[in-house]
>>> print(open('upload.csv').read())   # CSV, C-alpha atoms
chain,number,residue,atom,x,y,z
A,91,MET,CA,-6.2,1.7,8.8
A,92,GLU,CA,-5.1,-1.4,10.6
A,93,SER,CA,-4.1,-3.1,7.4
A,94,GLU,CA,-1.9,0.0,6.5
A,95,LYS,CA,-0.2,-0.1,9.9
A,96,LYS,CA,0.4,-3.9,9.5
A,97,SER,CA,1.8,-3.4,6.0
A,98,SER,CA,4.1,-0.6,7.2
A,99,ALA,CA,5.3,-2.7,10.1
A,100,ILE,CA,6.2,-5.6,7.7
A,101,SER,CA,8.0,-3.1,5.4
A,102,ASP,CA,10.0,-1.8,8.4
A,103,VAL,CA,11.0,-5.2,9.6
A,104,GLY,CA,11.9,-6.2,6.0
A,105,ALA,CA,14.2,-3.1,5.6
A,106,TRP,CA,16.0,-3.8,8.9
A,107,ALA,CA,16.3,-7.5,8.1
A,108,MET,CA,17.8,-6.7,4.6
A,109,ASN,CA,20.3,-4.3,6.2
A,110,VAL,CA,21.4,-6.7,9.0
A,111,VAL,CA,21.7,-9.8,6.7
A,112,SER,CA,23.5,-7.9,3.9
A,113,SER,CA,25.8,-6.1,6.3
A,114,VAL,CA,26.8,-9.2,8.2
A,115,GLY,CA,27.1,-11.1,4.9
A,116,ILE,CA,29.4,-8.4,3.4
A,117,ILE,CA,31.6,-8.4,6.5
A,118,MET,CA,32.0,-12.2,6.3
A,119,ALA,CA,32.8,-12.0,2.5
A,120,ASN,CA,35.3,-9.2,3.0
A,121,LYS,CA,36.9,-11.1,5.9
A,122,GLN,CA,37.5,-14.0,3.6
A,123,LEU,CA,38.6,-11.7,0.8
A,124,MET,CA,41.0,-9.4,2.8
A,125,SER,CA,42.4,-11.7,5.5
A,126,ASN,CA,45.9,-13.3,5.1
A,127,ASN,CA,44.3,-16.7,5.5
A,128,GLY,CA,41.9,-15.9,2.7
A,129,TYR,CA,42.8,-14.0,-0.6
A,130,ALA,CA,44.8,-11.1,1.0
A,131,PHE,CA,43.1,-8.5,-1.1
A,132,SER,CA,44.1,-5.5,1.1
A,133,PHE,CA,42.6,-2.7,-1.0
A,134,ALA,CA,39.6,-1.6,1.1
A,135,SER,CA,39.0,1.9,-0.5
A,136,THR,CA,39.2,0.5,-4.1
A,137,LEU,CA,36.8,-2.3,-3.1
A,138,THR,CA,34.3,0.2,-1.8
A,139,GLY,CA,34.7,2.0,-5.2
A,140,PHE,CA,33.7,-1.3,-6.9
A,141,HIS,CA,30.7,-1.5,-4.5
A,142,PHE,CA,29.4,1.9,-5.5
A,143,ALA,CA,30.2,1.2,-9.2
A,144,VAL,CA,28.0,-1.9,-9.2
A,145,THR,CA,25.3,0.0,-7.2
A,146,ALA,CA,25.4,2.8,-9.8
A,147,LEU,CA,25.0,0.3,-12.6
A,148,VAL,CA,22.0,-1.3,-10.9
A,149,GLY,CA,20.5,2.3,-10.5
A,150,LEU,CA,21.2,3.1,-14.2
A,151,VAL,CA,19.5,-0.1,-15.4
A,152,SER,CA,16.5,0.5,-13.0
A,153,ASN,CA,16.0,4.1,-14.4
A,154,ALA,CA,16.4,2.9,-18.0
A,155,THR,CA,13.8,0.2,-17.6
A,156,GLY,CA,11.4,2.6,-15.8
A,157,TYR,CA,11.4,0.7,-12.5
A,158,SER,CA,12.4,3.9,-10.7
A,159,ALA,CA,11.7,7.5,-11.5
A,160,SER,CA,14.5,10.1,-11.6
A,161,LYS,CA,13.8,13.3,-9.6
A,162,HIS,CA,15.9,16.5,-9.7
A,163,VAL,CA,18.4,17.1,-7.0
A,164,PRO,CA,20.9,19.9,-7.5
A,165,MET,CA,24.4,18.7,-8.6
A,166,TRP,CA,26.2,20.7,-5.9
A,167,GLU,CA,24.2,18.9,-3.2
A,168,LEU,CA,25.0,15.5,-4.7
A,169,ILE,CA,28.8,16.3,-4.9
A,170,TRP,CA,28.8,17.7,-1.4
A,171,PHE,CA,27.1,14.6,0.0
A,172,SER,CA,29.4,12.3,-2.0
A,173,LEU,CA,32.5,14.1,-0.6
A,174,VAL,CA,31.2,13.8,3.0
A,175,ALA,CA,30.4,10.1,2.4
A,176,ASN,CA,33.8,9.3,0.9
A,177,LEU,CA,35.6,11.3,3.7
A,178,SER,CA,33.7,9.0,6.1
A,179,ILE,CA,34.9,5.8,4.3
A,180,THR,CA,38.5,7.1,4.0
A,181,GLY,CA,38.6,8.4,7.6
A,182,MET,CA,37.4,5.0,8.9
A,183,ASN,CA,40.1,3.2,7.0
A,184,PHE,CA,42.8,5.6,8.3
A,185,SER,CA,41.4,5.4,11.9
A,186,LEU,CA,41.6,1.6,11.8
A,187,MET,CA,45.2,1.8,10.6
A,188,LEU,CA,46.5,4.4,13.0
A,189,ASN,CA,44.6,3.5,16.2
A,190,SER,CA,44.2,0.3,18.2
A,191,VAL,CA,41.1,-1.8,17.6
A,192,GLY,CA,39.8,-0.7,21.0
A,193,PHE,CA,39.9,3.0,20.2
A,194,TYR,CA,38.5,2.3,16.7
A,195,GLN,CA,35.4,0.6,18.4
A,196,ILE,CA,35.1,3.5,20.8
A,197,SER,CA,35.0,6.0,18.0
A,198,LYS,CA,32.3,4.0,16.2
A,199,LEU,CA,30.3,4.0,19.4
A,200,SER,CA,30.6,7.7,19.8
A,201,MET,CA,28.6,8.1,16.6
A,202,ILE,CA,25.3,7.7,18.4
A,203,PRO,CA,25.7,10.7,20.8
A,204,VAL,CA,27.3,12.7,18.0
A,205,VAL,CA,24.3,12.0,15.7
A,206,CYS,CA,22.0,13.1,18.6
A,207,VAL,CA,23.9,16.4,19.1
A,208,MET,CA,24.1,17.1,15.4
A,209,GLU,CA,20.4,16.5,14.9
A,210,TRP,CA,19.7,18.8,17.8
A,211,ILE,CA,22.0,21.5,16.2
A,212,LEU,CA,20.8,21.1,12.6
A,213,HIS,CA,17.2,20.2,13.0
A,214,ASN,CA,16.4,21.3,16.6
A,215,LYS,CA,15.4,17.7,17.4
A,216,HIS,CA,14.9,16.7,21.1
A,217,TYR,CA,15.0,13.3,22.7
A,218,THR,CA,13.1,12.0,25.7
A,219,ARG,CA,14.8,10.7,28.9
A,220,GLU,CA,13.9,7.1,28.0
A,221,VAL,CA,15.6,7.4,24.6
A,222,LYS,CA,18.7,8.9,26.1
A,223,MET,CA,18.9,6.1,28.7
A,224,SER,CA,18.5,3.3,26.2
A,225,VAL,CA,21.2,4.8,24.0
A,226,VAL,CA,23.6,4.8,27.1
A,227,VAL,CA,22.7,1.1,27.7
A,228,VAL,CA,23.4,0.1,24.1
A,229,VAL,CA,26.7,2.0,24.1
A,230,ILE,CA,27.8,0.3,27.3
A,231,GLY,CA,26.8,-3.1,26.1
A,232,VAL,CA,28.6,-2.9,22.7
A,233,GLY,CA,31.6,-1.3,24.5
A,234,VAL,CA,31.8,-4.2,26.9
A,235,CYS,CA,31.8,-6.8,24.1
A,236,THR,CA,34.0,-5.1,21.6
A,237,VAL,CA,36.5,-2.7,23.3
A,238,THR,CA,39.8,-4.3,24.5
A,239,ASP,CA,43.1,-2.4,24.3
A,240,VAL,CA,42.8,1.3,23.9
A,241,LYS,CA,45.8,3.2,22.5
A,242,VAL,CA,45.5,6.6,20.9
A,243,ASN,CA,47.8,9.0,19.1
A,244,LEU,CA,47.3,12.5,17.7
A,245,LYS,CA,47.0,11.5,14.0
A,246,GLY,CA,44.7,8.6,14.8
A,247,PHE,CA,42.5,10.8,17.0
A,248,VAL,CA,42.2,13.4,14.2
A,249,CYS,CA,41.3,10.8,11.6
A,250,ALA,CA,38.8,9.1,14.0
A,251,SER,CA,37.2,12.5,14.8
A,252,LEU,CA,36.9,13.3,11.0
A,253,ALA,CA,35.4,9.9,10.4
A,254,VAL,CA,32.8,10.1,13.2
A,255,VAL,CA,31.7,13.7,12.2
A,256,SER,CA,31.5,12.9,8.5
A,257,THR,CA,29.7,9.6,9.0
A,258,SER,CA,27.2,11.2,11.3
A,259,LEU,CA,26.6,14.1,8.9
A,260,GLN,CA,26.3,11.7,5.9
A,261,GLN,CA,23.6,9.6,7.7
A,262,ILE,CA,21.6,12.7,8.8
A,263,SER,CA,21.9,14.0,5.2
A,264,ILE,CA,20.4,10.9,3.7
A,265,GLY,CA,17.1,11.4,5.6
A,266,SER,CA,17.0,15.2,5.1
A,267,LEU,CA,17.7,15.0,1.4
A,268,GLN,CA,14.9,12.4,0.9
A,269,LYS,CA,12.4,14.7,2.8
A,270,LYS,CA,13.7,17.9,1.1
A,271,TYR,CA,13.3,16.7,-2.5
A,272,SER,CA,10.5,14.1,-1.9
A,273,ILE,CA,12.9,11.5,-3.4
A,274,GLY,CA,12.9,7.8,-2.6
A,275,SER,CA,15.8,6.0,-1.0
A,276,PHE,CA,16.8,4.0,-4.1
A,277,GLU,CA,16.5,7.1,-6.4
A,278,LEU,CA,18.8,9.1,-4.1
A,279,LEU,CA,21.3,6.3,-4.0
A,280,SER,CA,21.3,5.9,-7.7
A,281,LYS,CA,22.2,9.6,-8.0
A,282,THR,CA,25.0,9.6,-5.4
A,283,ALA,CA,26.6,6.2,-6.2
A,284,PRO,CA,28.2,7.1,-9.5
A,285,ILE,CA,29.9,10.2,-8.0
A,286,GLN,CA,31.1,8.2,-5.0
A,287,ALA,CA,32.4,5.4,-7.3
A,288,LEU,CA,34.2,7.9,-9.5
A,289,PHE,CA,36.0,9.5,-6.6
A,290,LEU,CA,36.9,6.2,-4.9
A,291,LEU,CA,38.1,4.4,-8.1
A,292,ILE,CA,40.4,7.4,-8.9
A,293,LEU,CA,41.7,8.1,-5.3
A,294,GLY,CA,41.1,4.7,-3.7
A,295,PRO,CA,44.3,3.0,-5.1
A,296,PHE,CA,46.5,5.8,-3.7
A,297,VAL,CA,44.8,5.6,-0.3
A,298,ASP,CA,45.2,1.8,-0.3
A,299,TYR,CA,48.9,2.2,-1.2
A,300,TYR,CA,49.5,4.6,1.7
A,301,LEU,CA,47.7,2.2,4.1
A,302,SER,CA,49.1,-1.2,2.9
A,303,GLU,CA,52.2,-0.2,0.9
A,304,LYS,CA,50.9,-2.4,-1.9
A,305,LEU,CA,49.8,-1.6,-5.4
A,306,ILE,CA,46.5,-3.1,-6.7
A,307,THR,CA,48.1,-3.5,-10.1
A,308,ASN,CA,50.6,-6.0,-8.6
A,309,TYR,CA,47.8,-8.1,-7.1
A,310,LYS,CA,47.5,-11.6,-8.6
A,311,MET,CA,43.8,-12.1,-9.1
A,312,SER,CA,42.5,-15.7,-8.7
A,313,THR,CA,39.1,-17.1,-9.6
A,314,GLY,CA,38.2,-17.4,-5.9
A,315,ALA,CA,39.2,-13.8,-5.2
A,316,LEU,CA,37.1,-12.6,-8.2
A,317,LEU,CA,34.1,-14.6,-7.1
A,318,CYS,CA,34.5,-13.2,-3.6
A,319,ILE,CA,34.7,-9.6,-5.0
A,320,LEU,CA,31.5,-10.2,-7.0
A,321,LEU,CA,29.7,-11.5,-3.9
A,322,SER,CA,30.9,-8.6,-1.9
A,323,CYS,CA,29.7,-6.1,-4.6
A,324,SER,CA,26.3,-7.9,-4.9
A,325,LEU,CA,25.8,-7.7,-1.1
A,326,ALA,CA,26.9,-4.1,-1.1
A,327,VAL,CA,23.9,-3.2,-3.4
A,328,PHE,CA,21.5,-4.6,-0.8
A,329,CYS,CA,23.5,-3.0,2.0
A,330,ASN,CA,23.5,0.5,0.4
A,331,VAL,CA,19.8,0.3,-0.6
A,332,SER,CA,18.7,-0.9,2.9
A,333,GLN,CA,20.8,1.8,4.6
A,334,TYR,CA,19.1,4.6,2.7
A,335,LEU,CA,15.7,2.9,3.2
A,336,CYS,CA,16.1,2.5,6.9
A,337,ILE,CA,17.3,6.1,7.5
A,338,GLY,CA,14.5,7.4,5.3
A,339,ARG,CA,11.9,5.4,7.2
A,340,PHE,CA,13.3,6.0,10.7
A,341,SER,CA,16.2,8.3,11.7
A,342,ALA,CA,20.0,8.3,11.7
A,343,VAL,CA,19.9,7.7,15.5
A,344,SER,CA,17.7,4.6,15.1
A,345,PHE,CA,19.9,3.3,12.4
A,346,GLN,CA,23.0,3.7,14.6
A,347,VAL,CA,21.3,2.1,17.7
A,348,LEU,CA,19.6,-0.8,16.1
A,349,GLY,CA,22.5,-1.2,13.7
A,350,HIS,CA,24.6,-2.5,16.5
A,351,MET,CA,22.6,-5.7,16.2
A,352,LYS,CA,25.0,-6.3,13.3
A,353,THR,CA,27.9,-6.2,15.8
A,354,VAL,CA,26.2,-8.9,17.9
A,355,CYS,CA,25.6,-11.0,14.8
A,356,VAL,CA,29.2,-10.6,13.5
A,357,LEU,CA,30.6,-11.7,16.9
A,358,THR,CA,28.3,-14.7,17.0
A,359,LEU,CA,29.0,-15.8,13.4
A,360,GLY,CA,32.7,-15.2,13.9
A,361,TRP,CA,32.6,-17.7,16.7
A,362,LEU,CA,30.5,-20.2,14.7
A,363,LEU,CA,32.3,-20.0,11.3
A,364,PHE,CA,35.8,-18.8,12.0
A,365,ASP,CA,36.5,-20.2,15.5
A,366,SER,CA,36.8,-16.7,17.0
A,367,GLU,CA,37.0,-16.6,20.8
A,368,LEU,CA,33.7,-15.7,22.5
A,369,THR,CA,34.3,-14.9,26.2
A,370,PHE,CA,31.9,-14.4,29.1
A,371,LYS,CA,32.6,-10.6,28.7
A,372,ASN,CA,31.5,-10.7,25.1
A,373,ILE,CA,28.3,-12.6,25.9
A,374,MET,CA,27.4,-10.2,28.8
A,375,GLY,CA,28.1,-7.2,26.5
A,376,MET,CA,25.9,-8.6,23.8
A,377,ILE,CA,23.0,-9.3,26.2
A,378,ILE,CA,23.3,-5.7,27.6
A,379,ALA,CA,23.3,-4.3,24.0
A,380,VAL,CA,20.2,-6.3,23.0
A,381,VAL,CA,18.4,-5.2,26.2
A,382,GLY,CA,19.3,-1.6,25.3
A,383,MET,CA,17.9,-2.0,21.8
A,384,VAL,CA,14.7,-3.4,23.1
A,385,ILE,CA,14.4,-0.4,25.5
A,386,TYR,CA,15.2,2.0,22.7
A,387,SER,CA,12.4,0.5,20.5
A,388,TRP,CA,9.9,0.8,23.3
A,389,ALA,CA,11.1,4.4,24.1
A,390,VAL,CA,10.6,5.5,20.5
A,391,GLU,CA,7.1,4.0,20.4
A,392,VAL,CA,6.2,5.8,23.7
A,393,GLU,CA,7.6,9.0,22.2
A,394,LYS,CA,5.3,8.6,19.1
A,395,GLN,CA,2.1,8.1,21.0
A,396,PRO,CA,1.5,11.7,22.3
A,397,ASN,CA,2.3,13.0,18.8
A,398,ALA,CA,-0.2,10.5,17.3
A,399,LYS,CA,-2.9,11.6,19.7
A,400,THR,CA,-2.3,15.3,19.0
A,401,LEU,CA,-2.1,14.9,15.2
A,402,PRO,CA,-4.0,11.8,14.3
A,403,HIS,CA,-4.2,12.5,10.6
A,404,ALA,CA,-1.3,14.8,10.0
A,405,LYS,CA,1.9,13.9,8.2
A,406,ASN,CA,5.2,14.0,10.1
A,407,SER,CA,6.6,16.7,7.9
A,408,MET,CA,6.0,18.7,4.8
A,409,THR,CA,8.5,18.7,1.9
A,410,GLU,CA,9.7,22.0,0.3
A,411,GLU,CA,7.7,21.0,-2.8
A,412,GLU,CA,4.5,20.7,-0.8
A,413,ILE,CA,5.1,24.0,1.0
A,414,ARG,CA,5.8,25.7,-2.3
A,415,LEU,CA,2.6,24.3,-3.9
A,416,LEU,CA,0.6,25.4,-0.8
A,417,LYS,CA,2.0,28.9,-1.0
A,418,GLU,CA,1.2,29.1,-4.7
A,419,GLY,CA,-2.3,27.9,-4.0
A,420,ILE,CA,-2.9,30.6,-1.4
A,421,GLU,CA,-1.4,33.3,-3.7
A,422,MET,CA,-3.7,32.2,-6.6
A,423,ASN,CA,-6.8,32.1,-4.4
A,424,ILE,CA,-6.4,35.6,-2.8
A,425,PRO,CA,-6.9,37.6,-6.0
A,426,LYS,CA,-9.9,35.5,-7.0
A,427,ASP,CA,-11.6,36.2,-3.6
A,428,VAL,CA,-10.9,39.9,-4.0
A,429,GLU,CA,-12.3,39.9,-7.6
A,430,ASN,CA,-15.4,38.0,-6.4
A,431,GLY,CA,-15.9,40.5,-3.6
A,432,GLU,CA,-15.7,43.5,-6.0
A,433,ALA,CA,-18.1,41.8,-8.5
A,434,GLN,CA,-20.6,41.1,-5.8
A,435,GLY,CA,-20.3,44.7,-4.5
>>> encode(input="upload.csv", output="structure tokens")
Amino acid sequence: MESEKKSSAISDVGAWAMNVVSSVGIIMANKQLMSNNGYAFSFASTLTGFHFAVTALVGLVSNATGYSASKHVPMWELIWFSLVANLSITGMNFSLMLNSVGFYQISKLSMIPVVCVMEWILHNKHYTREVKMSVVVVVIGVGVCTVTDVKVNLKGFVCASLAVVSTSLQQISIGSLQKKYSIGSFELLSKTAPIQALFLLILGPFVDYYLSEKLITNYKMSTGALLCILLSCSLAVFCNVSQYLCIGRFSAVSFQVLGHMKTVCVLTLGWLLFDSELTFKNIMGMIIAVVGMVIYSWAVEVEKQPNAKTLPHAKNSMTEEEIRLLKEGIEMNIPKDVENGEAQG
């Protein structure tokens, strides 16, 4: 039992480490690729399409070689999920263009309470006072170190609202789809990635033209830019896989809260690698955010303990497949018992 817990803890840490390292790495690679001081590749939506295309290719190879098994998920659910996920990506890009950086950061911070409310509405999930307080501390900390000027307009507010709601819904859906169809994180990603890639590669260039007034066909590709795109796509595979893995293992709220460790890492690496300014306000905000994350981790563990005492050997939830099999078993057993009773009589 102890060895299983230790193994699970190591897997959890590994999943988070993969997500943090790949996410920070992709931000740094994209900064070099998209900044004017780098390769000025200002086509974010199309680049995301490349990311999902490479992820889909990796999934295809994995299924073909038998490394991962393909389970059935209704096509309408995959298309619905992909539309929500792509709306999230597009909404974030438009929000960044139409709003100030300060309001963009506030909208990203609002995802934590929005995810909490949506999980309460959709799954009747409740949170302890300790968890709520730790979430507030994290939001304050990240807000202090990232939010500067705050300017908002109606178009920007609408785009930000759509982005926040769709991103929150997408992250909740990752966990619920995995439980509903008893499907692994990588298997689910390999099913949704081709659909997302198709939508983004078709519509992405038009979105990018609207945002930057530049056509990707006019971009002069250099060897350095191509290598940077390949690096970004490679890191995106790990980033996408680890996101699905983390949400499947934990929850959308945990992913959002602990995910802000990436913000702290990006600010620190920006200061170390790109000579970005790191003020006392930034440092204080990062410390508050990290303290909030530690409190959140403790609060989640405290929340688990009463449940573990009540149900020491029970699983957290049953999938629809397990419930169906259980019902079938009961229905099959009832006639047998009746027949046996009649025979004995």
>>> atom_distance(input="upload.csv", atom1="atom CA of Val151 of chain A", atom2="atom CA of Thr257 of chain A")
28.2 Å
>>> atom_distance(input="upload.csv", atom1="atom CA of Tyr194 of chain A", atom2="atom CA of Thr369 of chain A")
20.1 Å
>>> residues_near_point(input="upload.csv", point="(33.0, -2.3, -4.6)", cutoff="9 Å", atoms="all atoms listed in the file", output="ChimeraX atom specification")
/A:134-145,287,319-320,322-324,326
>>> atom_distance(input="upload.csv", atom1="atom CA of Asn120 of chain A", atom2="atom CA of Gly294 of chain A")
16.5 Å
>>> closest_residue(input="upload.csv", among="A:Ser132, A:Ser101, A:Asn176, A:Gln268", to="Ile292 of chain A", atoms="only C-alpha atoms")
A:Asn176
>>> residues_near_point(input="upload.csv", point="(34.9, 4.8, 10.7)", cutoff="10 Å", atoms="only C-alpha atoms", output="ChimeraX atom specification")
/A:177-186,194-195,197-199,201,249-257
>>> write_last_selection(input="upload.csv", atoms="C-alpha atoms", output="CSV table (one decimal), in the frame of the given file")
chain,number,residue,atom,x,y,z
A,177,LEU,CA,35.6,11.3,3.7
A,178,SER,CA,33.7,9.0,6.1
A,179,ILE,CA,34.9,5.8,4.3
A,180,THR,CA,38.5,7.1,4.0
A,181,GLY,CA,38.6,8.4,7.6
A,182,MET,CA,37.4,5.0,8.9
A,183,ASN,CA,40.1,3.2,7.0
A,184,PHE,CA,42.8,5.6,8.3
A,185,SER,CA,41.4,5.4,11.9
A,186,LEU,CA,41.6,1.6,11.8
A,194,TYR,CA,38.5,2.3,16.7
A,195,GLN,CA,35.4,0.6,18.4
A,197,SER,CA,35.0,6.0,18.0
A,198,LYS,CA,32.3,4.0,16.2
A,199,LEU,CA,30.3,4.0,19.4
A,201,MET,CA,28.6,8.1,16.6
A,249,CYS,CA,41.3,10.8,11.6
A,250,ALA,CA,38.8,9.1,14.0
A,251,SER,CA,37.2,12.5,14.8
A,252,LEU,CA,36.9,13.3,11.0
A,253,ALA,CA,35.4,9.9,10.4
A,254,VAL,CA,32.8,10.1,13.2
A,255,VAL,CA,31.7,13.7,12.2
A,256,SER,CA,31.5,12.9,8.5
A,257,THR,CA,29.7,9.6,9.0
>>> closest_residue(input="upload.csv", among="A:Leu368, A:Leu290, A:Met351, A:Ile211", to="Val380 of chain A", atoms="only C-alpha atoms")
A:Met351
>>> closest_residue(input="upload.csv", among="A:Gly128, A:Tyr309, A:Val347, A:Met108", to="Ile230 of chain A", atoms="all atoms listed in the file")
A:Val347
>>> closest_residue(input="upload.csv", among="A:Tyr157, A:Asn189, A:Gly338, A:Asp102", to="Ser272 of chain A", atoms="all atoms listed in the file")
A:Gly338
>>> closest_residue(input="upload.csv", among="A:Trp106, A:Phe193, A:Tyr129, A:Phe289", to="Leu173 of chain A", atoms="all atoms listed in the file")
A:Phe289
>>> residues_around(input="upload.csv", residues="segment 109-117 of chain A", least_positions_apart="5", cutoff="7 Å", atoms="all atoms listed in the file", output="ChimeraX atom specification")
/A:322,325-326,328-329,332-333,352,355-356
>>> closest_residue(input="upload.csv", among="A:Leu301, A:Val381, A:Met124, A:Leu259", to="Leu212 of chain A", atoms="only C-alpha atoms")
A:Leu259
>>> build_atoms(input="upload.csv", residues="segment 374-382 of chain A", atoms="all heavy atoms", output="compact mmCIF listing (two decimals), in the coordinates of the input")
# COMPACT_ATOMS: atom_id res chain seq x y z
N MET A 374 28.09 -11.18 27.90
CA MET A 374 27.40 -10.20 28.80
C MET A 374 27.19 -8.88 28.04
O MET A 374 26.12 -8.28 28.13
CB MET A 374 28.24 -9.97 30.04
CG MET A 374 28.15 -11.09 31.07
SD MET A 374 26.46 -11.45 31.57
CE MET A 374 25.97 -9.89 32.30
N GLY A 375 28.20 -8.44 27.31
CA GLY A 375 28.10 -7.20 26.50
C GLY A 375 26.98 -7.29 25.50
O GLY A 375 26.20 -6.33 25.32
N MET A 376 26.89 -8.43 24.80
CA MET A 376 25.90 -8.60 23.80
C MET A 376 24.47 -8.59 24.40
O MET A 376 23.53 -8.00 23.84
CB MET A 376 26.09 -9.92 23.02
CG MET A 376 27.26 -9.86 22.04
SD MET A 376 27.34 -11.27 20.92
CE MET A 376 28.02 -12.53 21.99
N ILE A 377 24.32 -9.23 25.56
CA ILE A 377 23.00 -9.30 26.20
C ILE A 377 22.60 -7.84 26.65
O ILE A 377 21.46 -7.42 26.43
CB ILE A 377 23.07 -10.18 27.49
CG1 ILE A 377 23.22 -11.65 27.05
CG2 ILE A 377 21.82 -10.01 28.35
CD1 ILE A 377 23.52 -12.60 28.19
N ILE A 378 23.56 -7.07 27.21
CA ILE A 378 23.30 -5.70 27.60
C ILE A 378 22.87 -4.85 26.39
O ILE A 378 21.92 -4.06 26.43
CB ILE A 378 24.49 -5.04 28.33
CG1 ILE A 378 24.76 -5.75 29.66
CG2 ILE A 378 24.26 -3.54 28.57
CD1 ILE A 378 26.10 -5.37 30.29
N ALA A 379 23.61 -5.04 25.27
CA ALA A 379 23.30 -4.30 24.00
C ALA A 379 21.93 -4.59 23.52
O ALA A 379 21.18 -3.67 23.13
CB ALA A 379 24.37 -4.60 22.98
N VAL A 380 21.56 -5.88 23.49
CA VAL A 380 20.20 -6.30 23.00
C VAL A 380 19.14 -5.71 23.90
O VAL A 380 18.11 -5.22 23.41
CB VAL A 380 20.13 -7.82 22.90
CG1 VAL A 380 18.69 -8.25 22.61
CG2 VAL A 380 21.05 -8.34 21.80
N VAL A 381 19.35 -5.75 25.22
CA VAL A 381 18.40 -5.20 26.20
C VAL A 381 18.23 -3.67 25.88
O VAL A 381 17.11 -3.14 25.86
CB VAL A 381 18.83 -5.40 27.63
CG1 VAL A 381 18.00 -4.55 28.59
CG2 VAL A 381 18.72 -6.87 28.00
N GLY A 382 19.35 -2.99 25.63
CA GLY A 382 19.30 -1.60 25.30
C GLY A 382 18.52 -1.30 24.03
O GLY A 382 17.76 -0.32 23.95
